[in-house]
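**Student:** Below is the structure I would like to discuss, written out as structure tokens.
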Protein chains: 2
Amino acid sequence: MVDILHRVGIADTAPEAVHEALTTIDGLAGWWTTDTTGDPTPGGTIAFRFPPGGFDMKVLSSQPGEEVTWEVVDGPPEWIGTTVEWRLRRDDGWTTVLFAHRGWAEPVEFMHHCSTKWATFLLSLKSLLETGKGSPSPHDVHIAYPD
Amino acid sequence: MVDILHRVGIADTAPEAVHEALTTIDGLAGWWTTDTTGDPTPGGTIAFRFPPGGFDMKVLSSQPGEEVTWEVVDGPPEWIGTTVEWRLRRDDGWTTVLFAHRGWAEPVEFMHHCSTKWATFLLSLKSLLETGKGSPSPHDVHIAYPD
């Protein structure tokens, strides 16, 4: 099993505000994809849709200001059964976000792509909280051919 | 051992041009750090310097249009002995870059940081080749506190 790992720091933002951007439809639609629907509370399932397809995430756990964990229950075969973990930590007035997309069976080329793409969406989350404006799909940063 | 993996696609660019940006001082200074010196040919050592420190990379192999591999011979303890691999592939008029920073002993928090930071530098490489302008240090994208 292999994991995608990332970290960003969000200036002048409390962990509770980051948690809200990860656990509300408006928040999620502000940085990942505008086409976000479903139930973002523990036990619920969130449907994230993009022009080429999407992911359904079951919310395994959520602690305000501390963490959110999702399990991928539908989407590309490589994603199903993997988990997406968000860990939040207060650093002075900043919030540090430790991100992990765990449980890939193999380090396939699609994993390389998703690793880079997750980085752009974490920077979109950072931008949403620091400036009020993220870059969710379909306004996301394109990184590859034919992405 | 754990690896950082990324992929970007560079539009309207031949693999040979990407290889040049990875194997010349001017190219490397255009996307990673303006403070780049040394010998970027096989067997040589390149010194990359940033405001907080830097890395010395020995060039293990280099094939025009195909690949470049470095070994970290000096820098932060977590980096020493790791390898940085660049694999290039022609996709129509694009070049796909498969990147791997291999051999981290542990998935420490610093690895999370470097994973995200590598993504921003790969996008800087993409921008350099597509537009003529990258974002090398000290003009790089800041992602964290206190980065």
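Each chain of the structure tokens is named A, B, ... in the order shown, its residues numbered from 1; ligands are numbered from 1 in display order.
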Do you have, as JSON lines, the list of residues of chain A lying at most 8 Å from chain B, each with its nearest atom pair and that distance in Å to one decimal, counting only C-alpha atoms and ordered by chain then number?
**Tutor:**
{"residue": "A:Val2", "atom": "CA", "partner": "B:Val2", "partner_atom": "CA", "distance": 7.7}
{"residue": "A:Ile4", "atom": "CA", "partner": "B:Ile4", "partner_atom": "CA", "distance": 7.4}
{"residue": "A:Leu5", "atom": "CA", "partner": "B:His112", "partner_atom": "CA", "distance": 4.9}
{"residue": "A:His6", "atom": "CA", "partner": "B:His112", "partner_atom": "CA", "distance": 4.2}
{"residue": "A:Arg7", "atom": "CA", "partner": "B:His113", "partner_atom": "CA", "distance": 4.9}
{"residue": "A:Val8", "atom": "CA", "partner": "B:Ala144", "partner_atom": "CA", "distance": 4.8}
{"residue": "A:Gly9", "atom": "CA", "partner": "B:Ala144", "partner_atom": "CA", "distance": 3.8}
{"residue": "A:Ile10", "atom": "CA", "partner": "B:Ala144", "partner_atom": "CA", "distance": 6.8}
{"residue": "A:Ala11", "atom": "CA", "partner": "B:Tyr145", "partner_atom": "CA", "distance": 7.6}
{"residue": "A:Asp91", "atom": "CA", "partner": "B:Tyr145", "partner_atom": "CA", "distance": 7.7}
{"residue": "A:Trp94", "atom": "CA", "partner": "B:Tyr145", "partner_atom": "CA", "distance": 7.0}
{"residue": "A:Thr96", "atom": "CA", "partner": "B:Ala144", "partner_atom": "CA", "distance": 7.3}
{"residue": "A:Leu98", "atom": "CA", "partner": "B:His112", "partner_atom": "CA", "distance": 7.3}
{"residue": "A:Phe99", "atom": "CA", "partner": "B:His112", "partner_atom": "CA", "distance": 7.7}
{"residue": "A:Glu109", "atom": "CA", "partner": "B:Arg7", "partner_atom": "CA", "distance": 7.8}
{"residue": "A:Met111", "atom": "CA", "partner": "B:Leu5", "partner_atom": "CA", "distance": 7.5}
{"residue": "A:His112", "atom": "CA", "partner": "B:His6", "partner_atom": "CA", "distance": 4.2}
{"residue": "A:His113", "atom": "CA", "partner": "B:Arg7", "partner_atom": "CA", "distance": 4.9}
{"residue": "A:Cys114", "atom": "CA", "partner": "B:His6", "partner_atom": "CA", "distance": 7.8}
{"residue": "A:Ser115", "atom": "CA", "partner": "B:His6", "partner_atom": "CA", "distance": 5.7}
{"residue": "A:Thr116", "atom": "CA", "partner": "B:His6", "partner_atom": "CA", "distance": 5.2}
{"residue": "A:Ala119", "atom": "CA", "partner": "B:Thr116", "partner_atom": "CA", "distance": 5.5}
{"residue": "A:Thr120", "atom": "CA", "partner": "B:Ala119", "partner_atom": "CA", "distance": 7.9}
{"residue": "A:Leu123", "atom": "CA", "partner": "B:Ile143", "partner_atom": "CA", "distance": 7.3}
{"residue": "A:Ile143", "atom": "CA", "partner": "B:Val8", "partner_atom": "CA", "distance": 5.3}
{"residue": "A:Ala144", "atom": "CA", "partner": "B:Gly9", "partner_atom": "CA", "distance": 3.8}
{"residue": "A:Tyr145", "atom": "CA", "partner": "B:Gly9", "partner_atom": "CA", "distance": 5.1}
**Student:** Identify, on the basis of only C-alpha atoms, every residue whose closest approach to Trp86 of chain B does not exceed 9 Å; exclude the query and any residue fewer than 2 positions from it along the same chain; express the result as a PDB file with C-alpha atoms, in the first residue's frame.
**Tutor:**
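So part19.pdb came out as:
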ATOM      1  CA  HIS B  19      15.575  17.486 -20.565  1.00  0.00           C
ATOM      2  CA  LEU B  22      16.787  19.642 -16.114  1.00  0.00           C
ATOM      3  CA  GLU B  66      14.271  10.422 -21.864  1.00  0.00           C
ATOM      4  CA  GLU B  67      15.408  10.707 -18.280  1.00  0.00           C
ATOM      5  CA  VAL B  68      17.539  12.308 -15.582  1.00  0.00           C
ATOM      6  CA  THR B  69      18.373  10.778 -12.186  1.00  0.00           C
ATOM      7  CA  TRP B  70      20.007  12.531  -9.246  1.00  0.00           C
ATOM      8  CA  VAL B  84      15.175  12.145  -7.622  1.00  0.00           C
ATOM      9  CA  LEU B  88      10.032  11.971 -19.936  1.00  0.00           C
ATOM     10  CA  VAL B  97       6.937  14.198 -16.891  1.00  0.00           C
ATOM     11  CA  LEU B  98       6.860  11.366 -14.371  1.00  0.00           C
ATOM     12  CA  PHE B  99       8.625  12.456 -11.200  1.00  0.00           C
ATOM     13  CA  ALA B 100       9.699  10.376  -8.208  1.00  0.00           C
ATOM     14  CA  HIS B 101      11.649  11.373  -5.101  1.00  0.00           C
TER      15      HIS B 101
END
**Student:** Taking the chain letters and numbering used in this document, name the residues of chain B that DSSP puts in alpha helix (DSSP H), as a ChimeraX atom specification.
**Tutor:** /B:15-23,25-29,109-131
**Student:** Just C-alpha atoms for this one: save the residues we selected as a JSON list (two decimals), in the first residue's frame.
**Tutor:**
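part-v9.json written:
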[["chain", "number", "residue", "atom", "x", "y", "z"],
["B", 15, "PRO", "CA", 11.04, 15.91, -24.31],
["B", 16, "GLU", "CA", 14.44, 17.22, -25.41],
["B", 17, "ALA", "CA", 13.49, 20.74, -24.28],
["B", 18, "VAL", "CA", 12.35, 19.45, -20.87],
["B", 19, "HIS", "CA", 15.58, 17.49, -20.57],
["B", 20, "GLU", "CA", 17.54, 20.69, -21.24],
["B", 21, "ALA", "CA", 15.66, 22.47, -18.44],
["B", 22, "LEU", "CA", 16.79, 19.64, -16.11],
["B", 23, "THR", "CA", 20.41, 19.45, -17.24],
["B", 25, "ILE", "CA", 22.34, 25.62, -15.04],
["B", 26, "ASP", "CA", 20.19, 28.20, -16.86],
["B", 27, "GLY", "CA", 17.31, 25.74, -17.16],
["B", 28, "LEU", "CA", 17.42, 24.63, -13.52],
["B", 29, "ALA", "CA", 17.74, 28.25, -12.33],
["B", 109, "GLU", "CA", 5.95, 15.63, 8.35],
["B", 110, "PHE", "CA", 8.83, 17.15, 6.38],
["B", 111, "MET", "CA", 8.04, 14.64, 3.61],
["B", 112, "HIS", "CA", 4.44, 15.91, 3.48],
["B", 113, "HIS", "CA", 5.85, 19.40, 3.06],
["B", 114, "CYS", "CA", 8.34, 18.42, 0.36],
["B", 115, "SER", "CA", 5.64, 16.55, -1.56],
["B", 116, "THR", "CA", 3.47, 19.65, -1.86],
["B", 117, "LYS", "CA", 6.49, 21.86, -2.55],
["B", 118, "TRP", "CA", 7.69, 19.56, -5.36],
["B", 119, "ALA", "CA", 4.25, 19.91, -6.98],
["B", 120, "THR", "CA", 4.64, 23.69, -7.05],
["B", 121, "PHE", "CA", 8.12, 23.38, -8.58],
["B", 122, "LEU", "CA", 6.86, 20.95, -11.24],
["B", 123, "LEU", "CA", 4.22, 23.53, -12.14],
["B", 124, "SER", "CA", 7.03, 26.10, -12.23],
["B", 125, "LEU", "CA", 8.92, 23.86, -14.71],
["B", 126, "LYS", "CA", 5.73, 23.53, -16.78],
["B", 127, "SER", "CA", 5.25, 27.29, -16.76],
["B", 128, "LEU", "CA", 8.87, 27.96, -17.71],
["B", 129, "LEU", "CA", 8.56, 25.76, -20.79],
["B", 130, "GLU", "CA", 5.06, 26.87, -21.79],
["B", 131, "THR", "CA", 5.39, 30.60, -21.15]]
**Student:** What is the atom CA of Pro40 of chain B-atom CA of Lys133 of chain B distance in Å, reported with one decimal?
**Tutor:**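 Those two atoms sit 20.9 Å apart.
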**Student:** Can you pull out every residue from chain B that DSSP, working from the backbone, puts in strand (DSSP E), and format the result as a ChimeraX atom specification?
**Tutor:** /B:2-10,35-38,45-50,53-63,67-74,83-91,94-104
**Student:** Under the rule that only C-alpha atoms are counted, which of A:Pro52, A:Pro76, A:Pro136, A:Thr24 is the nearest residue to Asp39 of chain A?
**Tutor:**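 Of A:Pro52, A:Pro76, A:Pro136, A:Thr24, the one nearest Asp39 of chain A is A:Thr24, counting only C-alpha atoms.
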**Student:** Could you work out how far atom CA of Gly81 of chain B lies from atom CA of Met1 of chain A, giving the answer in Å with one decimal?
**Tutor:** 22.7 Å
